[in-house]
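For reference, the structure is listed below as structure tokens.
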Amino acid sequence: MSHFIVFAKTDPDAGARGVSAVLVERDRPGLTIEPLPGTLGTRGLQHGHLTFRDVLVPAANRLGEEGQGLSLIERGMEVSRVFVAASSLGTAEQALALSVARANDRVTFGRPIGARQSIQRYLAEMAADVYALRTMLEDAAAKLDAGLRIPIEASACKLFGSEAVCRVTDRALLVFGGIGFTRKYPVERMLRDARANVVEEGPPTIQHFVIARTLLDGGALQGPSIFEPA
């Protein structure tokens, strides 16, 4: 990564309107990066703590107008939250596929474990979560492509997606049983990786706040209801 987008107070007395976005090069004098401790999952990614000491940045590096930082954050978060939900969907889809294969291949007491109703229930619940998240994402992505602002849809996708992928990977571990807790199969890694989606781009409480605040301020889901006549 060669550049960072930094949101900083350019007018401390203006509250939220005093935040601006600035592009800062990685090699700017005064900018240091300290590695953070290892994470529970997503170990292929790197995170760092940025420290700024007398870092001088030209005004030309400002993104947008002065004071537009919060608006840029909100717009960027809408897209990013949909991306997080898409990541949740990919993990959930793969966990479901692995679980179906395991249910067909694993034989105990003369029958595949998929013949047992307890396993069938796990698979059905996983499929329902995958289908619901996929449908939500298709709707949100289409609205983003149309250039619409979607604070409710984006937060709803992120909220539901992070909860759904945790449920799906939990059930995948139940389908695999004890062997799934080992690294012989990718289920244990997927279960750990899924937890990052819960806190990335804001924990559930933030998504609840965004959805409720938008509704109370007069916002609504974009587009007509499927129950309304055309």
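Lettering and numbering for the structure tokens are positional, with chains as A, B, ... in the shown order, residues counted from 1 in each chain, and ligands counted from 1 in the shown order.
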
Q) Excluding same-chain residues fewer than 3 positions from Ile119 of chain A, what lies within 10 Å of it counting only C-alpha atoms, as a VMD selection string? A) chain A and resid 99 to 100 103 113 to 116 122 to 124 171 to 172 174 to 176

Output of the above residues as a compact mmCIF listing (two decimals), in the first residue's frame, restricted to all heavy atoms:
# COMPACT_ATOMS: atom_id res chain seq x y z
N SER A 99 -20.07 -28.80 3.52
CA SER A 99 -20.92 -29.55 4.44
C SER A 99 -21.80 -30.55 3.71
O SER A 99 -22.02 -31.67 4.19
CB SER A 99 -21.77 -28.58 5.27
OG SER A 99 -20.97 -27.74 6.06
N VAL A 100 -22.32 -30.15 2.55
CA VAL A 100 -23.13 -31.08 1.75
C VAL A 100 -22.28 -32.27 1.31
O VAL A 100 -22.72 -33.43 1.39
CB VAL A 100 -23.73 -30.35 0.53
CG1 VAL A 100 -24.38 -31.35 -0.42
CG2 VAL A 100 -24.75 -29.31 0.98
N ALA A 103 -21.68 -34.48 4.27
CA ALA A 103 -22.89 -35.22 4.66
C ALA A 103 -23.14 -36.41 3.75
O ALA A 103 -23.69 -37.43 4.19
CB ALA A 103 -24.09 -34.28 4.64
N ILE A 113 -24.23 -39.62 6.94
CA ILE A 113 -24.79 -38.80 8.00
C ILE A 113 -25.87 -37.86 7.46
O ILE A 113 -26.73 -37.40 8.21
CB ILE A 113 -23.71 -38.00 8.75
CG1 ILE A 113 -22.97 -37.05 7.78
CG2 ILE A 113 -22.73 -38.94 9.45
CD1 ILE A 113 -22.00 -36.12 8.49
N GLY A 114 -25.85 -37.60 6.15
CA GLY A 114 -26.86 -36.76 5.55
C GLY A 114 -28.24 -37.39 5.57
O GLY A 114 -29.25 -36.70 5.33
N ALA A 115 -28.34 -38.67 5.85
CA ALA A 115 -29.63 -39.33 5.94
C ALA A 115 -30.32 -39.06 7.26
O ALA A 115 -31.50 -39.41 7.43
CB ALA A 115 -29.46 -40.84 5.74
N ARG A 116 -29.62 -38.44 8.19
CA ARG A 116 -30.17 -38.18 9.51
C ARG A 116 -30.79 -36.78 9.57
O ARG A 116 -30.22 -35.81 9.07
CB ARG A 116 -29.09 -38.35 10.57
CG ARG A 116 -28.60 -39.80 10.66
CD ARG A 116 -27.51 -39.98 11.69
NE ARG A 116 -27.27 -41.40 11.89
CZ ARG A 116 -26.47 -42.13 11.10
NH1 ARG A 116 -25.87 -41.57 10.06
NH2 ARG A 116 -26.29 -43.42 11.34
N TYR A 122 -29.40 -28.89 9.84
CA TYR A 122 -28.26 -27.98 9.72
C TYR A 122 -28.12 -27.47 8.29
O TYR A 122 -27.96 -26.27 8.04
CB TYR A 122 -26.97 -28.68 10.13
CG TYR A 122 -26.87 -29.05 11.59
CD1 TYR A 122 -26.13 -30.16 11.99
CD2 TYR A 122 -27.50 -28.29 12.58
CE1 TYR A 122 -26.04 -30.52 13.34
CE2 TYR A 122 -27.40 -28.63 13.92
CZ TYR A 122 -26.68 -29.75 14.29
OH TYR A 122 -26.57 -30.10 15.62
N LEU A 123 -28.17 -28.39 7.33
CA LEU A 123 -27.98 -28.01 5.92
C LEU A 123 -29.10 -27.07 5.46
O LEU A 123 -28.85 -26.10 4.73
CB LEU A 123 -27.94 -29.25 5.04
CG LEU A 123 -26.79 -30.23 5.30
CD1 LEU A 123 -26.92 -31.45 4.39
CD2 LEU A 123 -25.43 -29.55 5.07
N ALA A 124 -30.33 -27.36 5.88
CA ALA A 124 -31.45 -26.51 5.47
C ALA A 124 -31.31 -25.10 6.04
O ALA A 124 -31.56 -24.11 5.33
CB ALA A 124 -32.77 -27.14 5.93
N ARG A 171 -22.51 -24.25 12.00
CA ARG A 171 -23.20 -25.48 11.62
C ARG A 171 -22.30 -26.38 10.77
O ARG A 171 -22.40 -27.61 10.85
CB ARG A 171 -24.50 -25.15 10.89
CG ARG A 171 -25.60 -24.68 11.85
CD ARG A 171 -26.77 -24.04 11.13
NE ARG A 171 -27.87 -23.73 12.04
CZ ARG A 171 -27.87 -22.75 12.91
NH1 ARG A 171 -26.82 -21.95 12.99
NH2 ARG A 171 -28.91 -22.52 13.71
N ALA A 172 -21.43 -25.78 9.99
CA ALA A 172 -20.48 -26.58 9.21
C ALA A 172 -19.59 -27.40 10.15
O ALA A 172 -19.30 -28.58 9.89
CB ALA A 172 -19.63 -25.68 8.32
N LEU A 174 -20.45 -28.45 13.06
CA LEU A 174 -21.29 -29.51 13.61
C LEU A 174 -21.44 -30.66 12.62
O LEU A 174 -21.50 -31.83 13.01
CB LEU A 174 -22.66 -28.94 13.98
CG LEU A 174 -22.67 -27.92 15.12
CD1 LEU A 174 -24.08 -27.35 15.31
CD2 LEU A 174 -22.16 -28.53 16.41
N VAL A 175 -21.54 -30.33 11.33
CA VAL A 175 -21.65 -31.37 10.31
C VAL A 175 -20.36 -32.19 10.26
O VAL A 175 -20.39 -33.43 10.16
CB VAL A 175 -21.96 -30.77 8.93
CG1 VAL A 175 -21.88 -31.84 7.83
CG2 VAL A 175 -23.35 -30.12 8.93
N PHE A 176 -19.22 -31.53 10.34
CA PHE A 176 -17.94 -32.24 10.25
C PHE A 176 -17.60 -32.96 11.55
O PHE A 176 -16.83 -33.92 11.54
CB PHE A 176 -16.83 -31.25 9.89
CG PHE A 176 -16.65 -31.04 8.42
CD1 PHE A 176 -17.52 -30.24 7.72
CD2 PHE A 176 -15.63 -31.68 7.73
CE1 PHE A 176 -17.37 -30.05 6.35
CE2 PHE A 176 -15.47 -31.51 6.37
CZ PHE A 176 -16.35 -30.68 5.67

Q.
If we count only C-alpha atoms and set the cut-off at 9 Å, which residues sit around Glu93 of chain A, ignoring sequence neighbours fewer than 3 positions away in its own chain? Please answer as a PyMOL selection string.
A. chain A and resi 88-90+96-98+126-127+130+165+168

Store the residues of this selection in a file with C-alpha atoms, as a PDB file, in the first residue's frame.
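That gives us selection-v3.pdb:
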ATOM      1  CA  SER A  88     -19.580 -13.255   4.207  1.00  0.00           C
ATOM      2  CA  LEU A  89     -21.607 -14.757   1.380  1.00  0.00           C
ATOM      3  CA  GLY A  90     -18.557 -16.317  -0.260  1.00  0.00           C
ATOM      4  CA  LEU A  96     -22.360 -25.034   2.781  1.00  0.00           C
ATOM      5  CA  ALA A  97     -20.814 -26.794  -0.222  1.00  0.00           C
ATOM      6  CA  LEU A  98     -18.228 -28.519   1.968  1.00  0.00           C
ATOM      7  CA  MET A 126     -27.411 -22.982   6.194  1.00  0.00           C
ATOM      8  CA  ALA A 127     -29.048 -22.881   2.764  1.00  0.00           C
ATOM      9  CA  VAL A 130     -27.116 -18.274   2.063  1.00  0.00           C
ATOM     10  CA  VAL A 165     -21.828 -16.446   8.065  1.00  0.00           C
ATOM     11  CA  VAL A 168     -23.336 -21.169   8.729  1.00  0.00           C
TER      12      VAL A 168
END

Which residues of segment 30-107 of chain A come within 12 Å of segment 209-212 of chain A, and what is each one's closest atom pair and distance in Å (one decimal), counting only C-alpha atoms, sorted by chain and residue number, as CSV?
residue,atom,partner,partner_atom,distance
A:Glu74,CA,A:Val210,CA,10.1
A:Met77,CA,A:Val210,CA,11.0
A:Glu78,CA,A:Val210,CA,10.5
A:Arg81,CA,A:Val210,CA,11.9

Q.
Taking the DSSP secondary structure from the backbone, can you list the residues of segment 28-103 of chain A that are alpha helix (DSSP H), as a PyMOL selection string?
A. chain A and resi 69-103

Per-residue nearest contacts of segment 31-74 of chain A to segment 8-18 of chain A (12 Å; only C-alpha atoms) as a tab-separated table:
residue	atom	partner	partner_atom	distance
A:Phe52	CA	A:Ala8	CA	11.2
A:Val57	CA	A:Ala8	CA	11.8
A:Ala59	CA	A:Thr10	CA	11.2
A:Arg62	CA	A:Ala8	CA	10.5
A:Leu63	CA	A:Ala8	CA	11.6
A:Glu65	CA	A:Gly18	CA	10.8
A:Glu66	CA	A:Thr10	CA	7.5
A:Gly67	CA	A:Gly18	CA	4.8
A:Gln68	CA	A:Arg17	CA	6.8
A:Gly69	CA	A:Arg17	CA	7.8
A:Leu70	CA	A:Ala16	CA	6.6
A:Ser71	CA	A:Arg17	CA	9.0
A:Leu72	CA	A:Arg17	CA	11.5
A:Ile73	CA	A:Ala16	CA	11.3
A:Glu74	CA	A:Ala16	CA	11.9

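In this structure, atom CA of Thr135 of chain A sits 22.5 Å away from atom CA of Ile206 of chain A.
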
Q: Find the residues near segment 218-221 of chain A: any atom within 12 Å, counting only C-alpha atoms, skip ones fewer than 6 places away on the same chain, and give them as a PyMOL selection string.
A: chain A and resi 136+139-140+143+148-156+210-212

Polymer residues at most 10 Å from Ala164 of chain A, only C-alpha atoms, same-chain spacing of 5 or more positions, as a CSV table (one decimal) with C-alpha atoms, in the first residue's frame:
chain,number,residue,atom,x,y,z
A,85,ALA,CA,-21.4,-8.8,3.2
A,88,SER,CA,-19.6,-13.3,4.2
A,89,LEU,CA,-21.6,-14.8,1.4
A,92,ALA,CA,-21.0,-19.2,3.7
A,125,GLU,CA,-30.7,-23.7,7.9
A,126,MET,CA,-27.4,-23.0,6.2
A,128,ALA,CA,-31.7,-20.5,4.0
A,129,ASP,CA,-29.1,-18.1,5.3
A,130,VAL,CA,-27.1,-18.3,2.1
A,132,ALA,CA,-31.4,-14.7,2.0
A,133,LEU,CA,-28.0,-13.1,2.0
A,158,LYS,CA,-23.5,-6.1,6.7
A,159,LEU,CA,-25.5,-6.9,9.8
A,169,THR,CA,-19.7,-21.8,9.7
A,170,ASP,CA,-20.9,-22.9,13.2
A,194,ALA,CA,-16.0,-15.3,9.6

Q: Would you mind writing down, as number ranges by chain, each residue of segment 75-142 of chain A that DSSP on the backbone assigns to strand (DSSP E)?
A: A: 107-108, 111-112

Those residues you just picked out, can you put them in a file as a PDB file, in the first residue's frame with N, CA and C atoms?
ATOM      1  N   VAL A 107     -19.905 -41.805   6.361  1.00  0.00           N
ATOM      2  CA  VAL A 107     -20.821 -42.899   6.672  1.00  0.00           C
ATOM      3  C   VAL A 107     -20.598 -43.359   8.109  1.00  0.00           C
ATOM      4  N   THR A 108     -21.684 -43.426   8.874  1.00  0.00           N
ATOM      5  CA  THR A 108     -21.632 -43.967  10.230  1.00  0.00           C
ATOM      6  C   THR A 108     -22.798 -44.929  10.410  1.00  0.00           C
ATOM      7  N   ARG A 111     -24.868 -45.754   7.230  1.00  0.00           N
ATOM      8  CA  ARG A 111     -25.603 -44.759   6.447  1.00  0.00           C
ATOM      9  C   ARG A 111     -24.824 -43.439   6.386  1.00  0.00           C
ATOM     10  N   PRO A 112     -24.943 -42.703   5.272  1.00  0.00           N
ATOM     11  CA  PRO A 112     -24.356 -41.351   5.246  1.00  0.00           C
ATOM     12  C   PRO A 112     -25.000 -40.496   6.325  1.00  0.00           C
TER      13      PRO A 112
END

Q: Please measure the separation of atom CA of Ala101 of chain A and atom CA of Ser87 of chain A, giving the value in Å to one decimal.
A: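 Distance between the two atoms: 21.6 Å.
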
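Reported to one decimal place, the separation of atom CA of Leu45 of chain A from atom CA of Asp27 of chain A is 20.5 Å.
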
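Candidate residues A:Arg102, A:His3, A:Arg213, A:Arg189 were compared for distance to Thr42 of chain A, and the nearest is A:Arg189, using only C-alpha atoms.
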
Q | Residue contacts of His47 of chain A (9 Å, only C-alpha atoms) excluding same-chain residues fewer than 2 positions away, as a list in words | A | Glu34, Pro35, Leu36, Pro37, Gly38, Leu45 and His49 of chain A
